[in-house]
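Asks: As input, take input-v5.cif (mmCIF, C-alpha atoms):
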```
data_upload
loop_
_atom_site.label_atom_id
_atom_site.label_comp_id
_atom_site.auth_asym_id
_atom_site.auth_seq_id
_atom_site.Cartn_x
_atom_site.Cartn_y
_atom_site.Cartn_z
CA MET A 1 16.50 8.49 19.05
CA HIS A 2 14.98 10.18 16.03
CA PHE A 3 16.69 13.53 16.38
CA PHE A 4 18.61 15.39 13.73
CA SER A 5 21.27 17.76 15.01
CA ASP A 6 22.35 19.33 11.72
CA THR A 7 19.10 20.89 10.52
CA ARG A 8 19.22 24.31 8.86
CA LYS A 9 17.16 25.89 11.61
CA PRO A 10 18.74 24.55 14.81
CA GLY A 11 16.45 22.20 16.68
CA LEU A 12 13.76 22.24 13.98
CA LEU A 13 13.36 19.78 11.13
CA THR A 14 11.54 21.23 8.12
CA VAL A 15 10.05 18.75 5.66
CA ALA A 16 8.19 19.67 2.47
CA VAL A 17 5.60 17.14 1.33
CA SER A 18 3.35 16.91 -1.74
CA GLY A 19 0.46 14.53 -2.50
CA LEU A 20 -2.02 16.35 -0.27
CA ASN A 21 -5.14 15.28 -2.16
CA ALA A 22 -6.70 13.24 0.63
CA ASN A 23 -9.79 12.42 -1.43
CA ASP A 24 -11.31 9.21 -2.84
CA ASN A 25 -8.17 8.71 -4.94
CA PRO A 26 -5.83 9.79 -2.21
CA GLY A 27 -2.26 10.93 -2.45
CA PRO A 28 0.16 9.70 0.20
CA GLY A 29 1.07 13.15 1.61
CA LEU A 30 -1.14 13.17 4.68
CA SER A 31 -0.08 9.65 5.70
CA VAL A 32 3.57 10.57 5.27
CA ILE A 33 3.06 13.63 7.49
CA ARG A 34 1.27 11.59 10.18
CA ALA A 35 4.10 9.09 10.16
CA LEU A 36 6.71 11.80 10.63
CA ARG A 37 4.73 13.52 13.38
CA ASP A 38 4.40 10.18 15.18
CA GLY A 39 7.99 9.13 14.83
CA LEU A 40 10.10 12.24 15.28
CA LYS A 41 11.27 13.21 18.71
CA MET A 42 12.01 16.80 17.79
CA PRO A 43 10.12 19.90 16.62
CA LEU A 44 8.88 19.37 13.09
CA ARG A 45 7.63 21.92 10.58
CA ILE A 46 5.66 20.53 7.68
CA ILE A 47 5.46 22.49 4.46
CA GLY A 48 2.67 21.43 2.12
CA LEU A 49 3.31 21.58 -1.62
CA ALA A 50 -0.04 21.76 -3.39
CA TYR A 51 -1.08 21.89 -7.03
CA GLU A 52 -4.75 22.57 -6.41
CA THR A 53 -6.52 24.88 -4.00
CA LEU A 54 -8.86 22.11 -2.87
CA GLU A 55 -6.31 19.53 -1.84
CA PRO A 56 -7.90 18.67 1.50
CA ALA A 57 -4.78 18.20 3.63
CA VAL A 58 -3.75 21.83 3.01
CA TYR A 59 -6.52 22.90 5.39
CA LEU A 60 -5.51 20.56 8.21
CA HIS A 61 -3.46 23.07 10.14
CA GLU A 62 -2.62 20.66 12.93
CA GLN A 63 -0.84 18.54 10.33
CA ILE A 64 0.56 21.12 7.91
CA ASP A 65 2.15 24.31 9.20
CA LYS A 66 2.21 26.20 5.91
CA SER A 67 1.27 25.35 2.33
CA TYR A 68 2.45 26.74 -0.97
CA ARG A 69 1.13 26.12 -4.44
CA ILE A 70 3.69 24.79 -6.89
CA PRO A 71 3.53 24.73 -10.70
CA TYR A 72 2.11 21.73 -12.51
CA PRO A 73 4.70 19.28 -13.84
CA ASN A 74 4.13 20.37 -17.45
CA ALA A 75 5.38 23.86 -16.55
CA GLY A 76 8.86 22.33 -16.49
CA THR A 77 11.77 22.22 -14.10
CA ASP A 78 12.74 25.91 -14.32
CA ALA A 79 9.36 26.92 -12.96
CA LEU A 80 9.58 24.28 -10.24
CA ILE A 81 13.07 25.21 -9.06
CA ASP A 82 12.16 28.92 -9.05
CA ARG A 83 9.16 28.21 -6.87
CA ILE A 84 11.07 25.92 -4.52
CA LYS A 85 13.80 28.57 -4.16
CA TYR A 86 11.17 31.10 -3.19
CA ILE A 87 9.69 28.72 -0.60
CA ASP A 88 13.13 27.73 0.66
CA ASP A 89 14.16 31.35 1.27
CA ILE A 90 11.30 31.56 3.74
CA GLU A 91 11.27 28.06 5.18
CA GLN A 92 14.78 26.62 4.87
CA ILE A 93 13.64 23.15 3.95
CA ASP A 94 15.73 20.20 5.15
CA VAL A 95 14.00 17.40 3.25
CA VAL A 96 11.51 17.23 0.39
CA ILE A 97 9.28 14.19 -0.17
CA PRO A 98 7.45 14.30 -3.52
CA ASN A 99 4.54 11.88 -3.53
CA PHE A 100 3.06 12.01 -7.04
CA ASP A 101 4.18 9.79 -9.89
CA ALA A 102 3.70 12.61 -12.38
CA GLU A 103 5.97 15.08 -10.55
CA LEU A 104 8.83 12.68 -9.88
CA PHE A 105 10.59 13.18 -13.21
CA ASN A 106 11.03 16.90 -12.48
CA PHE A 107 12.03 16.44 -8.86
CA ILE A 108 14.67 13.91 -9.87
CA LYS A 109 15.92 16.33 -12.51
CA ILE A 110 16.38 19.14 -9.98
CA GLU A 111 17.66 16.90 -7.20
CA LYS A 112 21.21 18.30 -7.41
CA ASP A 113 19.96 21.89 -7.50
CA LEU A 114 17.89 21.19 -4.42
CA HIS A 115 20.85 19.63 -2.69
CA ALA A 116 22.92 22.72 -3.46
CA LEU A 117 20.28 24.74 -1.62
CA GLY A 118 20.53 22.40 1.37
CA ILE A 119 17.36 20.44 0.56
CA HIS A 120 17.82 16.69 0.83
CA SER A 121 15.79 13.98 -0.85
CA PHE A 122 15.94 10.23 -1.42
CA LEU A 123 14.66 9.53 -4.90
CA PRO A 124 15.02 6.88 -7.58
CA THR A 125 16.95 7.64 -10.76
CA HIS A 126 15.31 8.51 -14.06
CA GLN A 127 16.32 5.10 -15.35
CA GLN A 128 14.62 3.36 -12.43
CA LEU A 129 11.54 5.51 -12.89
CA GLU A 130 11.40 4.57 -16.56
CA GLN A 131 11.98 0.83 -15.99
CA ARG A 132 8.87 0.41 -13.84
CA ASP A 133 6.68 2.66 -16.00
CA LYS A 134 3.51 0.82 -16.98
CA VAL A 135 4.62 0.99 -20.59
CA ASN A 136 7.82 -0.91 -19.75
CA LEU A 137 6.53 -3.12 -16.95
CA LYS A 138 6.27 -6.35 -18.90
CA ARG A 139 9.77 -5.91 -20.32
CA PHE A 140 11.12 -5.28 -16.81
CA GLY A 141 9.44 -8.47 -15.56
CA THR A 142 10.79 -10.54 -18.41
CA GLU A 143 14.31 -9.24 -17.88
CA TYR A 144 14.40 -9.98 -14.14
CA GLY A 145 12.11 -13.01 -13.90
CA PHE A 146 9.04 -11.43 -12.31
CA LYS A 147 5.57 -12.51 -13.32
CA MET A 148 3.75 -9.59 -14.92
CA PRO A 149 0.47 -9.76 -16.85
CA GLU A 150 0.73 -9.72 -20.64
CA ASP A 151 0.02 -6.27 -21.98
CA GLU A 152 -0.36 -4.21 -25.12
CA ILE A 153 0.41 -0.53 -25.48
CA LEU A 154 -2.41 1.41 -27.14
CA TYR A 155 -1.69 4.55 -29.15
CA ALA A 156 -5.04 4.68 -30.92
CA GLU A 157 -8.54 3.32 -30.44
CA GLY A 158 -7.93 0.84 -33.26
CA ASP A 159 -5.14 -0.84 -31.25
CA LEU A 160 -7.81 -2.20 -28.91
CA LEU A 161 -8.92 -4.75 -31.47
CA HIS A 162 -5.47 -6.25 -31.71
CA ALA A 163 -5.06 -6.15 -27.91
CA SER A 164 -8.38 -7.86 -27.25
CA ALA A 165 -7.63 -10.55 -29.83
CA LYS A 166 -4.34 -11.26 -28.09
CA LEU A 167 -5.33 -10.85 -24.44
CA ASP A 168 -9.07 -11.63 -24.56
CA PHE A 169 -11.78 -10.09 -22.37
CA PRO A 170 -12.05 -9.05 -19.63
CA LEU A 171 -9.20 -6.60 -20.07
CA VAL A 172 -7.75 -4.03 -17.71
CA VAL A 173 -7.38 -0.66 -19.44
CA LYS A 174 -5.04 1.72 -17.64
CA GLY A 175 -3.73 5.25 -17.82
CA ARG A 176 0.01 5.79 -17.80
CA PHE A 177 -0.03 7.51 -14.42
CA TYR A 178 -3.38 6.71 -12.81
CA GLU A 179 -6.74 5.06 -13.35
CA ALA A 180 -7.62 1.54 -14.38
CA HIS A 181 -10.89 -0.05 -15.49
CA ILE A 182 -11.91 -3.61 -16.20
CA VAL A 183 -13.66 -3.79 -19.57
CA GLN A 184 -15.80 -6.66 -20.83
CA ASN A 185 -16.13 -5.92 -24.56
CA ILE A 186 -14.79 -3.76 -27.35
CA LEU A 187 -17.43 -1.02 -26.95
CA ASP A 188 -16.71 -0.75 -23.26
CA GLY A 189 -13.00 -0.73 -24.08
CA LYS A 190 -13.31 2.13 -26.56
CA ARG A 191 -15.27 4.23 -24.06
CA VAL A 192 -12.64 3.69 -21.36
CA PHE A 193 -9.79 4.27 -23.82
CA HIS A 194 -11.12 7.75 -24.65
CA LYS A 195 -11.87 8.56 -21.02
CA ILE A 196 -8.33 7.67 -19.95
CA GLN A 197 -6.77 9.39 -22.96
CA ALA A 198 -8.61 12.59 -22.04
CA SER A 199 -7.35 12.45 -18.44
CA TRP A 200 -3.83 11.12 -18.75
CA GLY A 201 -2.91 11.24 -22.43
CA LEU A 202 -1.33 8.52 -24.53
CA PRO A 203 -0.33 5.80 -24.47
CA VAL A 204 -3.02 3.80 -22.75
CA ILE A 205 -2.17 0.31 -21.52
CA ALA A 206 -4.29 -2.82 -22.00
CA GLN A 207 -3.35 -5.51 -19.50
CA LYS A 208 -4.51 -9.10 -19.27
CA PHE A 209 -6.98 -9.55 -16.43
CA ILE A 210 -5.57 -11.67 -13.61
CA ARG A 211 -7.94 -13.13 -11.05
CA GLY A 212 -6.82 -13.29 -7.43
CA THR A 213 -6.42 -11.54 -4.11
CA GLU A 214 -5.23 -7.94 -4.28
CA ILE A 215 -2.20 -7.28 -2.12
CA ASN A 216 -0.02 -4.19 -1.95
CA ILE A 217 3.51 -4.06 -0.58
CA ALA A 218 5.14 -0.87 0.72
CA GLY A 219 8.92 -0.78 0.81
CA ILE A 220 12.06 1.33 0.80
CA GLY A 221 15.09 0.57 -1.30
CA ASP A 222 18.52 1.86 -0.29
CA GLY A 223 19.72 2.27 -3.88
CA LYS A 224 22.24 -0.52 -3.43
CA GLY A 225 19.95 -3.47 -4.01
CA ASN A 226 18.48 -3.80 -0.52
CA ALA A 227 14.91 -3.34 0.66
CA LEU A 228 15.33 -1.98 4.17
CA SER A 229 11.66 -2.18 5.01
CA VAL A 230 8.85 -4.27 3.53
CA VAL A 231 5.23 -4.36 4.72
CA PRO A 232 2.55 -6.30 2.78
CA MET A 233 -1.12 -5.33 3.08
CA ARG A 234 -4.18 -7.18 1.82
CA LYS A 235 -6.96 -4.98 0.57
CA MET A 236 -10.18 -5.59 2.50
CA TYR A 237 -12.43 -2.91 1.04
CA ILE A 238 -11.85 -1.66 -2.48
CA THR A 239 -13.45 1.49 -3.90
CA ASP A 240 -14.83 1.77 -7.40
CA LYS A 241 -11.50 3.38 -8.30
CA GLY A 242 -9.71 0.26 -7.13
CA LYS A 243 -8.26 1.96 -4.07
CA ALA A 244 -7.93 0.21 -0.73
CA TRP A 245 -10.34 1.84 1.73
CA ALA A 246 -9.53 -0.76 4.37
CA GLY A 247 -6.67 -3.21 4.59
CA VAL A 248 -4.72 -5.46 6.92
CA THR A 249 -1.03 -6.25 7.22
CA ILE A 250 -0.28 -9.88 6.46
CA GLU A 251 2.59 -12.23 7.08
CA ASP A 252 3.82 -13.98 3.96
CA GLU A 253 7.49 -14.55 3.33
CA ASN A 254 6.90 -14.91 -0.42
CA LEU A 255 5.60 -11.34 -0.55
CA VAL A 256 8.56 -10.04 1.46
CA LYS A 257 10.91 -11.93 -0.84
CA LEU A 258 9.19 -10.48 -3.90
CA ALA A 259 9.78 -6.93 -2.66
CA LYS A 260 13.39 -7.71 -1.78
CA ASP A 261 13.94 -9.26 -5.19
CA PHE A 262 12.48 -6.16 -6.80
CA ALA A 263 14.80 -3.86 -4.83
CA LYS A 264 17.74 -6.03 -5.80
CA ALA A 265 16.85 -6.21 -9.49
CA SER A 266 16.13 -2.50 -9.84
CA GLN A 267 18.63 -1.20 -7.23
CA TRP A 268 15.64 0.89 -6.18
CA LYS A 269 16.30 4.05 -4.21
CA GLY A 270 13.44 5.49 -2.16
CA GLY A 271 9.90 4.48 -1.32
CA PHE A 272 7.97 2.13 -3.57
CA GLU A 273 4.78 0.16 -3.72
CA LEU A 274 4.20 -3.14 -5.50
CA GLU A 275 0.62 -3.87 -6.50
CA VAL A 276 0.35 -7.64 -6.51
CA MET A 277 -2.30 -10.17 -7.48
CA LYS A 278 -2.01 -13.46 -5.61
CA GLN A 279 -3.63 -16.33 -7.48
CA GLU A 280 -5.23 -19.29 -5.74
CA ASN A 281 -2.18 -21.43 -6.50
CA GLY A 282 -0.02 -18.89 -4.70
CA GLU A 283 1.55 -17.39 -7.84
CA LEU A 284 2.31 -13.70 -7.47
CA PHE A 285 1.81 -11.30 -10.37
CA ILE A 286 3.13 -7.75 -10.14
CA MET A 287 0.38 -5.58 -11.61
CA GLU A 288 2.06 -2.20 -11.07
CA ILE A 289 5.10 -0.70 -9.44
CA ASN A 290 4.54 2.73 -7.95
CA PRO A 291 7.67 4.86 -7.53
CA ARG A 292 6.69 6.38 -4.20
CA PHE A 293 4.95 5.62 -0.94
CA PRO A 294 1.29 4.53 -1.13
CA ALA A 295 -1.58 6.45 0.50
CA TRP A 296 -1.84 3.73 3.17
CA ILE A 297 1.80 4.24 4.27
CA TYR A 298 0.73 5.18 7.82
CA LEU A 299 -0.12 1.50 8.31
CA THR A 300 3.62 0.75 8.19
CA VAL A 301 3.98 2.84 11.34
CA ALA A 302 1.32 0.76 13.09
CA ALA A 303 3.07 -2.39 11.86
CA GLY A 304 6.32 -1.25 13.45
CA GLN A 305 8.23 0.01 10.39
CA ASN A 306 7.94 3.77 10.07
CA GLN A 307 8.97 4.01 6.44
CA PRO A 308 8.60 7.80 5.97
CA LEU A 309 10.81 8.39 9.01
CA ALA A 310 13.38 5.94 7.67
CA LEU A 311 13.32 7.78 4.35
CA VAL A 312 13.99 11.13 6.04
CA LYS A 313 16.91 9.60 7.92
CA MET A 314 18.36 8.20 4.71
CA ALA A 315 17.84 11.52 2.93
CA LEU A 316 19.85 13.20 5.67
CA GLY A 317 22.61 10.63 5.31
CA GLN A 318 21.98 8.79 8.54
CA PRO A 319 22.52 5.04 8.50
CA ILE A 320 19.49 2.92 9.26
CA GLU A 321 19.34 -0.71 10.21
CA PRO A 322 17.07 -2.86 8.03
CA PHE A 323 13.76 -3.63 9.71
CA ASP A 324 13.32 -7.36 10.17
CA THR A 325 9.94 -7.71 11.86
CA TYR A 326 6.49 -6.21 11.63
CA PHE A 327 3.06 -6.88 13.11
CA ALA A 328 0.60 -8.81 10.99
CA GLY A 329 -3.07 -8.07 11.69
CA LYS A 330 -2.78 -4.27 11.87
CA MET A 331 -5.72 -2.82 10.03
CA PHE A 332 -6.61 0.54 8.61
CA VAL A 333 -10.10 1.74 7.83
CA ARG A 334 -10.10 5.03 5.96
CA TYR A 335 -12.85 7.56 6.53
CA ALA A 336 -14.10 10.83 5.09
CA TRP A 337 -14.28 13.91 7.30
CA ASP A 338 -15.86 17.26 6.61
CA ASN A 339 -13.24 19.77 7.66
CA VAL A 340 -14.87 23.15 8.19
CA ILE A 341 -12.74 26.17 7.33
CA ASP A 342 -13.22 29.85 6.68
CA ILE A 343 -13.51 30.95 3.05
CA GLN A 344 -10.59 33.31 3.74
CA ASP A 345 -8.25 30.32 3.91
CA PHE A 346 -9.35 29.22 0.49
CA GLN A 347 -9.06 32.79 -0.78
CA LYS A 348 -5.52 33.15 0.57
CA LEU A 349 -4.31 30.03 -1.16
CA SER A 350 -6.14 30.90 -4.38
CA ALA A 351 -4.97 34.51 -4.55
CA PHE A 352 -1.51 34.39 -3.04
CA GLY A 353 -0.54 30.76 -3.48
CA GLU A 354 0.27 30.42 0.21
CA LEU A 355 -1.60 29.43 3.32
CA MET B 1 -24.51 -28.08 33.13
CA SER B 2 -24.53 -29.52 29.67
CA LYS B 3 -25.20 -27.88 26.30
CA LYS B 4 -26.15 -29.31 22.96
CA VAL B 5 -23.21 -29.27 20.61
CA THR B 6 -23.03 -27.85 17.13
CA PHE B 7 -19.78 -26.66 15.61
CA ASN B 8 -21.00 -23.99 13.40
CA VAL B 9 -18.62 -21.51 11.97
CA SER B 10 -19.88 -18.64 9.91
CA GLY B 11 -17.25 -18.26 7.28
CA ILE B 12 -15.62 -21.59 6.80
CA LEU B 13 -13.62 -23.91 8.92
CA ILE B 14 -10.98 -28.11 10.24
CA PHE B 15 -8.13 -30.90 9.73
CA MET B 16 -5.74 -31.56 12.50
CA LYS B 17 -2.85 -29.33 13.31
CA LEU B 18 -3.72 -25.65 13.39
CA LYS B 19 -1.16 -23.46 11.65
CA ALA B 20 1.18 -21.97 14.21
CA ASN B 21 0.53 -18.35 13.31
CA ILE B 22 -3.28 -18.45 13.37
CA ALA B 23 -4.62 -15.91 15.83
CA THR B 24 -7.77 -16.71 17.76
CA SER B 25 -9.68 -14.87 20.42
CA GLU B 26 -11.89 -16.11 23.22
CA ASN B 27 -14.99 -14.80 21.50
CA GLY B 28 -14.38 -16.97 18.45
CA PHE B 29 -12.65 -14.54 16.09
CA ILE B 30 -10.04 -16.21 13.89
CA PHE B 31 -7.40 -14.36 11.85
CA ASN B 32 -5.03 -15.91 9.35
CA PRO B 33 -2.08 -13.50 9.16
CA THR B 34 -0.74 -15.13 6.01
CA THR B 35 -3.80 -14.46 3.89
CA GLY B 36 -5.56 -11.71 5.84
CA ASP B 37 -8.71 -13.86 6.01
CA SER B 38 -10.81 -13.60 9.12
CA PHE B 39 -13.67 -15.73 10.39
CA SER B 40 -16.06 -15.83 13.28
CA SER B 41 -16.95 -19.04 15.03
CA ASN B 42 -19.38 -20.06 17.72
CA ALA B 43 -18.31 -20.72 21.31
CA ILE B 44 -17.75 -24.46 20.96
CA ALA B 45 -15.80 -24.13 17.75
CA ALA B 46 -13.65 -21.52 19.47
CA GLU B 47 -13.13 -23.88 22.38
CA ILE B 48 -11.96 -26.63 20.07
CA LEU B 49 -9.61 -24.21 18.35
CA SER B 50 -8.10 -23.30 21.70
CA TYR B 51 -7.38 -27.00 22.32
CA LEU B 52 -5.93 -27.38 18.84
CA LYS B 53 -3.67 -24.43 19.50
CA LEU B 54 -2.33 -26.27 22.54
CA ALA B 55 -1.60 -29.20 20.20
CA GLU B 56 -3.96 -31.50 22.05
CA SER B 57 -4.78 -34.75 20.31
CA GLU B 58 -8.06 -35.40 18.54
CA ALA B 59 -8.97 -38.10 21.08
CA SER B 60 -8.28 -35.81 24.01
CA ILE B 61 -10.33 -32.97 22.59
CA LYS B 62 -13.24 -35.21 21.76
CA GLN B 63 -13.21 -36.64 25.25
CA LYS B 64 -13.36 -33.17 26.74
CA ILE B 65 -16.33 -32.28 24.57
CA LEU B 66 -18.12 -35.53 25.44
CA ASP B 67 -17.53 -34.90 29.15
CA LYS B 68 -18.68 -31.33 29.03
CA TYR B 69 -21.59 -31.33 26.59
CA GLU B 70 -24.63 -33.44 25.88
CA VAL B 71 -23.62 -35.10 22.64
CA GLU B 72 -23.42 -38.62 21.24
CA ALA B 73 -20.00 -39.84 20.17
CA CYS B 74 -21.19 -40.61 16.64
CA GLN B 75 -22.68 -37.13 16.27
CA LEU B 76 -19.46 -35.62 17.57
CA ASP B 77 -17.47 -37.61 15.01
CA ARG B 78 -19.62 -36.34 12.16
CA ASP B 79 -19.45 -32.74 13.31
CA TRP B 80 -15.72 -33.11 13.89
CA GLN B 81 -15.14 -34.26 10.32
CA GLU B 82 -17.16 -31.40 8.93
CA TYR B 83 -15.41 -28.86 11.11
CA MET B 84 -11.99 -30.15 10.09
CA LEU B 85 -12.95 -29.88 6.43
CA GLN B 86 -14.04 -26.31 6.94
CA LEU B 87 -10.77 -25.45 8.65
CA LYS B 88 -8.86 -27.09 5.83
CA GLU B 89 -10.77 -25.21 3.17
CA ALA B 90 -10.09 -22.01 5.05
CA ASN B 91 -6.38 -22.79 4.88
CA LEU B 92 -6.05 -22.77 8.66
CA LEU B 93 -4.51 -26.22 9.06
CA GLU B 94 -1.05 -27.50 8.33
CA ARG B 95 -1.05 -29.49 5.12
#
```
Translate the structure of the given file into structure tokens.

Replies:
Amino acid sequence: MHFFSDTRKPGLLTVAVSGLNANDNPGPGLSVIRALRDGLKMPLRIIGLAYETLEPAVYLHEQIDKSYRIPYPNAGTDALIDRIKYIDDIEQIDVVIPNFDAELFNFIKIEKDLHALGIHSFLPTHQQLEQRDKVNLKRFGTEYGFKMPEDEILYAEGDLLHASAKLDFPLVVKGRFYEAHIVQNILDGKRVFHKIQASWGLPVIAQKFIRGTEINIAGIGDGKGNALSVVPMRKMYITDKGKAWAGVTIEDENLVKLAKDFAKASQWKGGFELEVMKQENGELFIMEINPRFPAWIYLTVAAGQNQPLALVKMALGQPIEPFDTYFAGKMFVRYAWDNVIDIQDFQKLSAFGEL
Amino acid sequence: MSKKVTFNVSGILIFMKLKANIATSENGFIFNPTTGDSFSSNAIAAEILSYLKLAESEASIKQKILDKYEVEACQLDRDWQEYMLQLKEANLLER
């Protein structure tokens, strides 16, 4: 039974969720919320934490009960904790699930303060966050025996020349937090370097291009070296931003082992996603490690492993049994939907920071 | 009633023992849960797959096809070989 008896408002579980940008580069928030609404057998109040006024999920009132704007990560932790305290006075949050890479550093930093307020979370440590950073990915792989593509860290446009001489074209040029482009020549590379620098700052990462089948794996680590849930998904339709717009769960013990090995090596705590390239010879390269649930996390519910629900249980200190089976052949096909709202909703969120 | 036989599979498709986890449907849809690949096949190819799933022998399957459809044994052999190669290329058969 998925029922929590020690919530701050008796009989009501209140969960705050970020990552509400359900657009063509979607955050995981909406999928996390759907998973919780599906899996919980008790009244649930969802609090949306939004950075922008046009994060689409904010306006889905059947999914999110109330939304609040929160300060951008670069405003620092004092601003964040002040805002969360304000929200918590009204809502009495039981669990917070941050879903953006860029906000995790701050949420981890204020984790103890949140706990003192009665807000639980289940997050990786700063060290774990740093280890899997794109800048450190190759080093992490070398240390623990994972195959990662060769890479070069770029601090200036001129570094591209050295990187291309070492890694050859095509190259994958990536931002530290988001965005990746395949470039075919130095001119193309310079253009992408500046584009990514403008969006995500420095450094930019140049990664050797690896040919293969794109597979993502969603998992949860218990912080003690165990992956309690692992669900691999093969991308079936990929957008121009490299995002899976359709995918199917697959059965491959090597992929499950890879995720378990990662959890063991990193002692990962919380949700994670491995972006994997499977070569024709079966070799698995880890292209990226995301320190949170992916946007397709609702597929884990369909596959029989409700990872967001498991995370909430762990955050609240409840023991969970490791999942040992899932359904292969469960597919998702994402779609766009024009949600019609009144301008007053937009005005409320813009002017008062609440909706 | 007899039908002319062709084992055409749009996608790819054969060798001998079908992998245990391959999912097939009556209408000829094939899903490989290990790779996520899916294929569609025509009715006769689907019928052969259903026999392969039951671990029937090559000789037994061929006999059933010869009994049921209007096809020469030598033609069946050729189509069989091609079909098995397709299945092998599609990674649907045990190595």

Asks: I'd like the interatomic distance between atom CA of A:Ile87 and atom CA of A:Gly353, to a tenth of an Å.

Replies: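 Atom-to-atom, atom CA of A:Ile87 to atom CA of A:Gly353, that is 10.8 Å.
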
Asks: Using Å and a single decimal, report how far atom CA of A:Asp324 sits from atom CA of A:Asp222.

Replies: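 So the answer is 14.9 Å.
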
Asks: Residues of chain A within 7 Å of chain B, counting only C-alpha atoms - could you list those as a list in words?

Replies: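 In the required form, that comes to Arg234, Val248, Ile250, Glu251, Asp252, Ala328 and Gly329 of chain A.
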
Asks: What does the file look like for those residues with C-alpha atoms, as a compact mmCIF listing (two decimals), in the frame of the given file?

Replies:
```txt
# COMPACT_ATOMS: atom_id res chain seq x y z
CA ARG A 234 -4.18 -7.18 1.82
CA VAL A 248 -4.72 -5.46 6.92
CA ILE A 250 -0.28 -9.88 6.46
CA GLU A 251 2.59 -12.23 7.08
CA ASP A 252 3.82 -13.98 3.96
CA ALA A 328 0.60 -8.81 10.99
CA GLY A 329 -3.07 -8.07 11.69
```

Asks: Give me the residues within 8 Å of stretch 345-351 of chain A as number ranges by chain, counting only C-alpha atoms and dropping any in the same chain fewer than 6 places off.

Replies: A: 53-54, 59, 68-69

Asks: Name all residues at most 10 Å from A:His181 (count all atoms listed in the file; drop same-chain ones fewer than 4 positions away) and give them as a count of residues only.

Replies: 15

Asks: Please write the residues picked by the PyMOL selection byres ((chain A and resi 136-151) around 10) on this file as number ranges by chain.

Replies: A: 130-135, 152-154, 163, 166-167, 171-173, 205-210, 258, 261-262, 264-266, 276-277, 283-289

Asks: Separation of atom CA of A:Ala102 and atom CA of A:Pro73, in Å?

Replies: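 A separation of 6.9 Å between them.
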
Asks: Mind running stretch 67-164 of chain A against stretch 31-40 of chain A at 12 Å and telling me each contacting residue's nearest atom pair with the distance in Å (one decimal), counting all atoms listed in the file, chain and number ascending, as a tab-separated table?

Replies:
```
residue	atom	partner	partner_atom	distance
A:Val95	CA	A:Leu36	CA	11.8
A:Val96	CA	A:Val32	CA	11.5
A:Ile97	CA	A:Val32	CA	8.7
A:Pro98	CA	A:Val32	CA	10.3
A:Asn99	CA	A:Val32	CA	8.9
```

Asks: Would you save the residues from that selection as a PDB file, in the coordinates of the input, using C-alpha atoms?

Replies:
```pdb
ATOM      1  CA  VAL A  95      14.000  17.400   3.250  1.00  0.00           C
ATOM      2  CA  VAL A  96      11.510  17.230   0.390  1.00  0.00           C
ATOM      3  CA  ILE A  97       9.280  14.190  -0.170  1.00  0.00           C
ATOM      4  CA  PRO A  98       7.450  14.300  -3.520  1.00  0.00           C
ATOM      5  CA  ASN A  99       4.540  11.880  -3.530  1.00  0.00           C
TER       6      ASN A  99
END
```

Asks: Which residues would end up in the selection if the PyMOL selection byres ((chain B and resi 19) around 9) were applied here, given that I need the answer as JSON, numbers by chain?

Replies: {"B": [17, 18, 20, 21, 22, 32, 53, 91, 92, 93, 94, 95]}

Asks: As number ranges by chain, please: the residues near B:Asn27 (cut-off 12 Å, all atoms listed in the file, same-chain neighbours under 4 positions excluded).

Replies: B: 23, 39-47, 49-50

Asks: Could you tell me which residues the PyMOL selection byres ((chain A and resi 158) around 12) grabs in this file, written as a PDB file with C-alpha atoms, in the frame of the given file?

Replies:
```pdb
ATOM      1  CA  ILE A 153       0.410  -0.530 -25.480  1.00  0.00           C
ATOM      2  CA  LEU A 154      -2.410   1.410 -27.140  1.00  0.00           C
ATOM      3  CA  TYR A 155      -1.690   4.550 -29.150  1.00  0.00           C
ATOM      4  CA  ALA A 156      -5.040   4.680 -30.920  1.00  0.00           C
ATOM      5  CA  GLU A 157      -8.540   3.320 -30.440  1.00  0.00           C
ATOM      6  CA  ASP A 159      -5.140  -0.840 -31.250  1.00  0.00           C
ATOM      7  CA  LEU A 160      -7.810  -2.200 -28.910  1.00  0.00           C
ATOM      8  CA  LEU A 161      -8.920  -4.750 -31.470  1.00  0.00           C
ATOM      9  CA  HIS A 162      -5.470  -6.250 -31.710  1.00  0.00           C
ATOM     10  CA  ALA A 163      -5.060  -6.150 -27.910  1.00  0.00           C
ATOM     11  CA  SER A 164      -8.380  -7.860 -27.250  1.00  0.00           C
ATOM     12  CA  ALA A 165      -7.630 -10.550 -29.830  1.00  0.00           C
ATOM     13  CA  ILE A 186     -14.790  -3.760 -27.350  1.00  0.00           C
ATOM     14  CA  LEU A 187     -17.430  -1.020 -26.950  1.00  0.00           C
ATOM     15  CA  GLY A 189     -13.000  -0.730 -24.080  1.00  0.00           C
ATOM     16  CA  LYS A 190     -13.310   2.130 -26.560  1.00  0.00           C
ATOM     17  CA  PHE A 193      -9.790   4.270 -23.820  1.00  0.00           C
ATOM     18  CA  HIS A 194     -11.120   7.750 -24.650  1.00  0.00           C
ATOM     19  CA  VAL A 204      -3.020   3.800 -22.750  1.00  0.00           C
TER      20      VAL A 204
END
```

Asks: Can you sort out the box for stretch 54-64 of chain B, edges along x, y and z, all listed atoms in, 8 Å on every side, with centre and edge lengths in Å to one decimal, as JSON?

Replies:
```
{"center_x": -7.5, "center_y": -32.2, "center_z": 22.6, "size_x": 27.8, "size_y": 27.8, "size_z": 24.2}
```

Asks: How would you write as a ChimeraX atom specification the residues that get within 12 Å of (-1.5, 13.6, 4.8) in the file's frame, counting only C-alpha atoms?

Replies: /A:16-23,26-37,46-50,55-64,97,99,293-298,308
